[in-house]
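Student: The structure file run12.txt (compact mmCIF, C-alpha atoms) is provided below.
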```txt
# COMPACT_ATOMS: atom_id res chain seq x y z
CA MET A 3 -17.43 2.98 9.45
CA ALA A 4 -19.54 -0.06 10.17
CA ASP A 5 -18.17 -1.82 7.10
CA TYR A 6 -14.54 -1.00 7.89
CA GLN A 7 -12.09 -3.56 6.53
CA GLU A 8 -8.66 -3.82 8.09
CA ALA A 9 -5.79 -2.71 5.90
CA PRO A 10 -4.08 -5.77 4.43
CA LEU A 11 -1.18 -6.99 6.55
CA ALA A 12 -2.33 -4.94 9.54
CA THR A 13 -4.28 -5.63 12.71
CA ARG A 14 -7.39 -3.64 13.46
CA PRO A 15 -6.56 -0.46 15.44
CA LYS A 16 -7.92 -0.39 18.95
CA THR A 17 -10.03 2.72 18.34
CA LEU A 18 -11.97 0.92 15.60
CA ASP A 19 -12.65 -2.21 17.62
CA PRO A 20 -16.42 -2.41 18.26
CA ASN A 21 -15.83 -4.15 21.60
CA GLU A 22 -14.20 -0.97 22.76
CA TYR A 23 -17.50 0.86 22.51
CA PHE A 24 -20.25 -1.66 23.07
CA ASN A 25 -19.16 -4.33 25.55
CA VAL A 26 -17.12 -2.41 28.08
CA SER A 27 -17.91 -2.49 31.80
CA THR A 28 -16.76 0.02 34.40
CA ASP A 29 -14.24 -2.49 35.75
CA GLN A 30 -12.57 -2.70 32.39
CA ARG A 31 -12.52 1.06 32.14
CA ARG A 32 -10.93 1.23 35.57
CA VAL A 33 -8.23 -1.26 34.54
CA GLU A 34 -7.59 0.75 31.41
CA GLN A 35 -7.25 3.86 33.53
CA SER A 36 -4.66 2.22 35.78
CA ARG A 37 -2.78 1.05 32.69
CA ALA A 38 -2.83 4.58 31.34
CA ALA A 39 -1.64 5.90 34.70
CA LEU A 40 1.33 3.51 34.67
CA ARG A 41 2.20 4.51 31.13
CA ALA A 42 1.93 8.19 31.97
CA GLU A 43 4.18 7.78 34.99
CA LEU A 44 6.82 6.04 32.87
CA LYS A 45 6.55 8.75 30.24
CA ARG A 46 6.96 11.41 32.89
CA GLN A 47 10.08 9.77 34.29
CA TYR A 48 11.60 9.40 30.86
CA GLN A 49 10.85 12.92 29.75
CA THR A 50 12.23 14.39 32.99
CA GLN A 51 15.49 12.56 32.50
CA LEU A 52 15.59 13.28 28.78
CA ASN A 53 15.11 17.03 29.11
CA ASN A 54 17.36 17.47 32.12
CA PRO A 55 20.02 19.94 30.94
CA HIS A 56 22.57 18.72 33.50
CA ARG A 57 22.37 15.09 32.42
CA LYS A 58 25.61 13.79 30.93
CA GLU A 59 25.08 10.06 30.95
CA LEU A 60 22.77 7.63 29.14
CA ILE A 61 19.27 7.07 30.49
CA GLU A 62 19.25 3.59 31.98
CA ASP A 63 16.13 1.56 31.20
CA PRO A 64 15.32 -0.85 34.06
CA ALA A 65 12.96 -2.87 31.87
CA LEU A 66 15.82 -3.48 29.46
CA THR A 67 18.18 -4.41 32.29
CA ARG A 68 15.65 -6.87 33.65
CA TRP A 69 15.10 -8.37 30.22
CA VAL A 70 18.81 -8.81 29.59
CA TYR A 71 19.29 -10.33 33.02
CA ALA A 72 16.37 -12.69 32.52
CA ARG A 73 17.61 -13.83 29.12
CA ALA A 74 21.17 -14.26 30.38
CA ASN A 75 20.21 -16.35 33.41
CA PRO A 76 17.70 -18.95 32.29
CA TYR A 77 19.23 -21.68 34.43
CA THR A 78 18.57 -19.95 37.76
CA TYR A 79 15.05 -21.36 37.83
CA PHE A 80 15.63 -24.29 35.54
CA ARG A 81 14.33 -27.62 36.77
CA PRO A 82 14.86 -30.90 34.98
CA THR A 83 11.35 -32.14 34.27
CA PHE A 84 10.20 -34.70 31.75
CA LYS A 85 9.65 -32.09 29.07
CA THR A 86 12.88 -30.18 29.57
CA SER A 87 15.02 -33.33 29.74
CA LEU A 88 13.32 -34.68 26.64
CA LEU A 89 14.00 -31.46 24.75
CA GLY A 90 17.59 -31.41 25.93
CA ALA A 91 18.11 -34.99 24.85
CA MET A 92 16.42 -34.45 21.48
CA PHE A 93 18.49 -31.43 20.59
CA GLY A 94 21.77 -32.19 22.30
CA VAL A 95 22.33 -35.90 22.57
CA VAL A 96 20.36 -37.61 19.81
CA PRO A 97 21.78 -35.64 16.83
CA LEU A 98 25.30 -36.39 18.01
CA PHE A 99 24.87 -40.13 17.95
CA ALA A 100 22.43 -40.27 15.06
CA LEU A 101 24.65 -38.26 12.74
CA TYR A 102 27.69 -40.33 13.73
CA PHE A 103 25.87 -43.54 12.86
CA ILE A 104 24.41 -42.19 9.64
CA PHE A 105 27.72 -40.92 8.31
CA LYS A 106 29.62 -43.98 9.47
CA THR A 107 27.31 -46.49 7.81
CA ASP A 108 27.09 -44.48 4.61
CA ARG A 109 30.85 -44.16 4.31
CA ASP A 110 31.48 -47.78 5.23
CA ARG A 111 29.05 -48.84 2.53
CA LYS A 112 30.79 -46.61 -0.01
CA GLU A 113 34.21 -47.91 1.04
CA ALA A 114 33.06 -51.50 0.64
CA GLN A 115 31.72 -50.68 -2.80
CA ILE A 116 34.99 -49.04 -3.84
CA LYS A 117 36.96 -52.05 -2.60
CA ALA A 118 34.68 -54.40 -4.50
CA GLY A 119 34.84 -52.16 -7.55
CA THR A 120 31.08 -51.79 -7.81
CA LEU A 121 30.89 -48.02 -7.16
CA GLU A 122 29.49 -46.26 -10.21
CA ARG A 123 31.80 -43.30 -10.84
CA LYS A 124 29.84 -40.95 -13.04
CA PHE A 125 31.16 -37.73 -14.49
CA SER A 126 28.28 -35.58 -13.23
CA LEU A 127 29.13 -32.66 -10.94
CA SER A 128 26.34 -33.23 -8.47
CA SER A 129 27.38 -36.57 -6.99
CA MET I 19 42.80 -9.52 47.02
CA ALA I 20 44.36 -10.01 50.41
CA GLY I 21 41.75 -7.78 52.04
CA VAL I 22 38.91 -10.03 50.89
CA GLY I 23 38.43 -13.46 52.42
CA PHE I 24 39.51 -16.53 50.54
CA ARG I 25 36.10 -18.10 51.12
CA ARG I 26 34.24 -15.43 49.18
CA TRP I 27 36.73 -15.72 46.37
CA ALA I 28 36.31 -19.46 46.14
CA LEU I 29 32.53 -19.12 46.36
CA ALA I 30 32.42 -16.54 43.58
CA LEU I 31 34.61 -18.57 41.28
CA SER I 32 32.85 -21.86 41.87
CA LYS I 33 29.22 -20.76 41.81
CA GLY I 34 29.44 -17.60 39.77
CA LYS I 35 26.88 -15.90 42.03
CA GLY I 36 29.25 -13.98 44.23
CA PRO I 37 29.81 -10.23 44.22
CA GLY I 38 31.83 -10.37 41.01
CA ILE I 39 35.34 -9.32 40.16
CA SER I 40 34.75 -5.65 40.93
CA GLY I 41 33.48 -6.56 44.36
CA LEU I 42 36.36 -8.87 45.01
CA LEU I 43 39.03 -6.39 44.09
CA SER I 44 37.78 -3.40 46.01
CA GLY I 45 35.44 -4.88 48.61
CA CYS I 46 32.39 -2.91 47.36
CA ARG I 47 30.14 -3.30 44.32
CA ALA I 48 28.77 -0.98 41.62
CA ALA I 49 25.34 0.62 42.12
CA SER I 50 24.19 0.06 38.53
CA GLY I 51 23.06 -3.19 37.02
CA VAL I 52 20.59 -5.58 38.55
CA THR I 53 19.97 -5.40 42.29
CA LYS I 54 18.94 -8.43 44.27
CA ASP I 55 15.20 -7.72 44.08
CA SER I 56 14.91 -6.19 40.65
CA GLY I 57 16.17 -9.19 38.71
CA LEU I 58 14.34 -12.35 37.75
CA GLY I 59 12.45 -13.77 40.72
CA PRO I 60 10.95 -17.21 41.31
CA TYR I 61 7.50 -18.07 40.02
CA PRO I 62 4.97 -16.13 42.13
CA LYS I 63 2.66 -18.42 44.06
CA THR I 64 0.69 -16.19 46.44
CA PRO I 65 -1.39 -13.17 45.34
CA GLU I 66 0.98 -10.87 47.25
CA GLU I 67 3.91 -12.22 45.28
CA ARG I 68 1.99 -11.68 42.06
CA ALA I 69 1.18 -8.09 43.03
CA ALA I 70 4.83 -7.44 43.92
CA ALA I 71 6.00 -8.95 40.64
CA ALA I 72 3.46 -6.90 38.66
CA LYS I 73 4.71 -3.77 40.37
CA LYS I 74 8.31 -4.70 39.64
CA TYR I 75 7.58 -5.10 35.94
CA ASN I 76 5.44 -1.92 35.74
CA MET I 77 2.26 -3.80 34.85
CA THR I 78 -1.22 -3.86 36.32
CA VAL I 79 -2.09 -6.93 38.39
CA GLU I 80 -4.81 -7.88 35.89
CA ASP I 81 -2.38 -7.83 32.98
CA TYR I 82 0.44 -9.64 34.74
CA GLU I 83 0.55 -13.30 33.77
CA PRO I 84 3.75 -15.27 34.39
CA TYR I 85 4.82 -18.16 32.22
CA PRO I 86 3.59 -21.52 33.53
CA ASP I 87 5.97 -22.98 36.06
CA ASN I 88 7.35 -26.10 34.38
CA GLY I 89 11.04 -25.66 34.98
CA GLU I 90 11.86 -23.95 31.72
CA GLY I 91 13.70 -21.14 33.49
CA TYR I 92 11.30 -18.21 32.96
CA GLY I 93 10.86 -17.49 36.68
CA ASP I 94 8.34 -14.68 37.21
CA TYR I 95 8.91 -12.98 33.87
CA PRO I 96 5.55 -11.84 32.44
CA LYS I 97 3.99 -13.57 29.48
CA LEU I 98 3.14 -10.81 27.03
CA PRO I 99 1.03 -11.36 23.89
CA GLU I 100 2.98 -12.86 21.00
CA ARG I 101 2.78 -9.81 18.76
CA SER I 102 5.72 -8.42 16.84
CA GLN I 103 6.73 -4.76 16.73
CA HIS I 104 5.45 -4.63 13.15
CA GLU I 105 1.92 -4.55 14.51
CA ARG I 106 2.36 -1.49 16.70
CA ASP I 107 1.03 1.86 15.62
CA PRO I 108 3.55 3.45 13.24
CA TRP I 109 2.18 6.95 13.81
CA TYR I 110 2.33 7.13 17.61
CA GLN I 111 5.26 9.05 19.12
CA TRP I 112 7.19 6.18 20.64
CA ASP I 113 10.19 6.98 22.85
CA HIS I 114 12.26 4.63 20.68
CA PRO I 115 10.63 4.91 17.24
CA ASP I 116 12.67 2.22 15.49
CA LEU I 117 11.76 -0.31 18.15
CA ARG I 118 8.21 1.06 18.55
CA ARG I 119 8.60 0.90 22.29
CA ASN I 120 8.32 3.32 25.18
CA TRP I 121 10.88 3.65 27.95
CA GLY I 122 10.21 1.31 30.87
CA GLU I 123 7.67 -0.80 28.98
CA PRO I 124 7.96 -4.51 29.84
CA MET I 125 9.78 -6.31 27.05
CA HIS I 126 8.62 -9.57 25.58
CA TRP I 127 10.86 -12.55 26.33
CA HIS I 128 11.44 -12.91 22.58
CA PHE I 129 11.69 -9.18 21.95
CA ASP I 130 14.81 -9.59 19.84
CA ALA I 131 12.92 -11.91 17.50
CA TYR I 132 9.98 -9.53 17.15
CA ILE I 133 11.86 -6.41 16.07
CA ARG I 134 11.00 -4.90 12.74
CA ASN I 135 13.80 -6.59 10.85
CA ARG I 136 12.77 -10.05 11.96
CA VAL I 137 9.68 -12.14 12.72
CA ASP I 138 6.44 -10.45 11.69
CA THR I 139 3.16 -11.60 13.19
CA SER I 140 0.97 -9.27 11.11
CA PRO I 141 -2.07 -10.87 9.56
CA SER I 142 -1.38 -12.33 6.13
CA PRO I 143 -3.50 -11.44 3.07
CA VAL I 144 -4.73 -15.02 2.68
CA SER I 145 -5.34 -17.59 5.39
CA TRP I 146 -2.54 -19.91 6.46
CA SER I 147 -4.29 -23.04 5.18
CA SER I 148 -4.84 -21.45 1.79
CA MET I 149 -1.16 -20.45 1.58
CA CYS I 150 -0.01 -23.93 2.55
CA LYS I 151 -2.30 -25.56 0.02
CA GLN I 152 -1.10 -23.30 -2.78
CA LEU I 153 2.59 -23.72 -2.06
CA PHE I 154 2.66 -27.43 -1.39
CA GLY I 155 0.15 -28.09 -4.13
CA PHE I 156 2.38 -26.41 -6.67
CA LEU I 157 5.56 -28.07 -5.41
CA GLY I 158 3.91 -31.46 -5.25
CA PHE I 159 2.53 -31.12 -8.75
CA MET I 160 5.89 -30.10 -10.19
CA LEU I 161 7.73 -32.90 -8.41
CA PHE I 162 5.18 -35.42 -9.63
CA MET I 163 5.39 -34.23 -13.23
CA PHE I 164 9.20 -34.32 -13.22
CA TYR I 165 9.10 -37.82 -11.80
CA VAL I 166 6.70 -38.91 -14.56
CA GLY I 167 9.01 -37.28 -17.12
CA GLU I 168 11.95 -39.29 -15.79
CA LYS I 169 10.08 -42.54 -16.04
CA MET I 170 8.46 -41.91 -19.47
CA PRO I 171 10.75 -39.62 -21.47
CA ALA I 172 9.35 -38.07 -24.65
CA TYR I 173 11.81 -36.77 -27.25
CA GLN I 174 12.39 -36.61 -31.01
CA PRO I 175 13.43 -39.96 -32.51
CA VAL I 176 17.22 -40.30 -32.60
CA ALA I 177 19.58 -42.69 -34.33
CA PRO I 178 23.35 -43.26 -34.09
CA LYS I 179 25.42 -40.58 -35.84
CA GLN I 180 26.18 -41.30 -39.51
CA TYR I 181 29.66 -40.42 -40.74
CA PRO I 182 30.57 -39.70 -44.42
CA TYR I 183 33.46 -41.16 -46.53
CA ASN I 184 32.56 -44.74 -45.74
CA ASP I 185 32.38 -44.13 -41.97
CA LEU I 186 35.62 -42.06 -42.12
CA TYR I 187 37.64 -45.00 -43.40
CA LEU I 188 40.85 -43.01 -44.07
CA GLU I 189 40.60 -40.86 -40.91
CA ARG I 190 40.25 -43.99 -38.81
CA GLY I 191 43.54 -45.30 -40.09
CA GLY I 192 42.33 -47.39 -42.97
CA ASP I 193 44.81 -48.49 -45.69
CA PRO I 194 44.74 -45.88 -48.57
CA GLU I 195 45.61 -48.55 -51.22
CA LYS I 196 42.81 -50.88 -50.29
CA GLN I 197 39.32 -50.18 -51.44
CA PRO I 198 36.98 -49.89 -48.40
CA GLU I 199 33.62 -51.56 -48.38
CA GLU I 200 30.84 -49.20 -49.43
CA VAL I 201 28.74 -47.87 -46.52
CA LYS I 202 25.31 -46.59 -47.53
CA HIS I 203 23.33 -44.60 -44.98
CA TYR I 204 20.24 -44.11 -47.17
CA GLU I 205 17.64 -46.04 -49.00
CA ILE I 206 15.88 -44.92 -52.07
```
Could I get this file's structure written as structure tokens?
Tutor:
Amino acid sequence: MADYQEAPLATRPKTLDPNEYFNVSTDQRRVEQSRAALRAELKRQYQTQLNNPHRKELIEDPALTRWVYARANPYTYFRPTFKTSLLGAMFGVVPLFALYFIFKTDRDRKEAQIKAGTLERKFSLSS
Amino acid sequence: MAGVGFRRWALALSKGKGPGISGLLSGCRAASGVTKDSGLGPYPKTPEERAAAAKKYNMTVEDYEPYPDNGEGYGDYPKLPERSQHERDPWYQWDHPDLRRNWGEPMHWHFDAYIRNRVDTSPSPVSWSSMCKQLFGFLGFMLFMFYVGEKMPAYQPVAPKQYPYNDLYLERGGDPEKQPEEVKHYEI
């Protein structure tokens, strides 16, 4: 097992990570235990609700509710800083004006060429 | 509507943070959905706030790391590792097997991008730099060769088309009585 190679397109599983066995202190083990305790508590809550024979409704997931709420309300804690205003300008304001100018100048140039009779009207389909 | 004050109505409509339509119509609100404390909170500054936020999101205090506070609207939402659901153990008995997620587990901000139909952060068979070099090397080479072919075309020698019967004298409307001039397309 010392020469284990990860399967292609997969990360190394945690049980085969050498750090798991060689470099672990008691503090880390304690943190892992509290993580496992949290997970077990959530599992217990879910299984109780799932196997309740009198349950008629869907099991509501508070993590999901929080996630949806967070994604739906990004402007509650939004602050205009340099970075956010720059991003907003780059994506919202600049394309508007830039595209207007690009299209306008290109079409004006084409119109002038048509009026002067210099536009090369080829029979190809692509232009 | 008459039972509820006009002020609350105006507040709700203008700011959008009021009790909502259900509250306005009946004077009470539903018990489901997000309560005042369980939603997104402000960025936690003191250790007590961090501990409370970690508890709210069902994470240990060591794991809980909020997004940096630079006004991007994340609040106290935890910053989880950027790993897609493709990388999770396929053989573990998840509560939601298609999403590879357990009930109550904190969801990544970009969870909907990391589901198994979408973005995959699994390690690639070859390194990123090697992939870039191969792809752009090939594309660049092909573009260059096509450009060279445009500038210096190489084809079989061609000449204008040669027509029989004295360059189709009669078909081109020549006088049948007159004798056309002889057109010879060969040399012996």
Student: Restrict the distance test to only C-alpha atoms, flag each residue of chain I within 7 Å of chain A, and return the flagged residues as number ranges by chain.
Tutor: I: 51-52, 57-58, 60, 76, 78, 89-93, 105, 121-125, 140-143
Student: Put the listed atoms of region 114-121 of chain I in a box along x, y and z with 3 Å added on every side and give me the centre and edge lengths in Å to one decimal, as AutoDock Vina command-line options.
Tutor:
```
--center_x 10.4 --center_y 2.3 --center_z 21.7 --size_x 10.5 --size_y 11.2 --size_z 18.5
```
Student: Excluding region 199-201 of chain I and residues on its chain fewer than 6 positions from it, collect all residues at most 10 Å away from it, counting all atoms listed in the file, and give them as a ChimeraX atom specification.
Tutor: /I:180-185,187
Student: Ala4 (chain A): which residues within 12 Å, counting all atoms listed in the file, same-chain residues fewer than 5 positions away excluded, as a list in words?
Tutor: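 Result of the neighbour search: Leu18, Asp19 and Pro20 of chain A.
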Student: Find the residues around region 130-139 of chain I up to 6 Å (all atoms listed in the file counted), leave out those fewer than 3 positions away in its own chain, and share them as a ChimeraX atom specification.
Tutor: /I:101-104
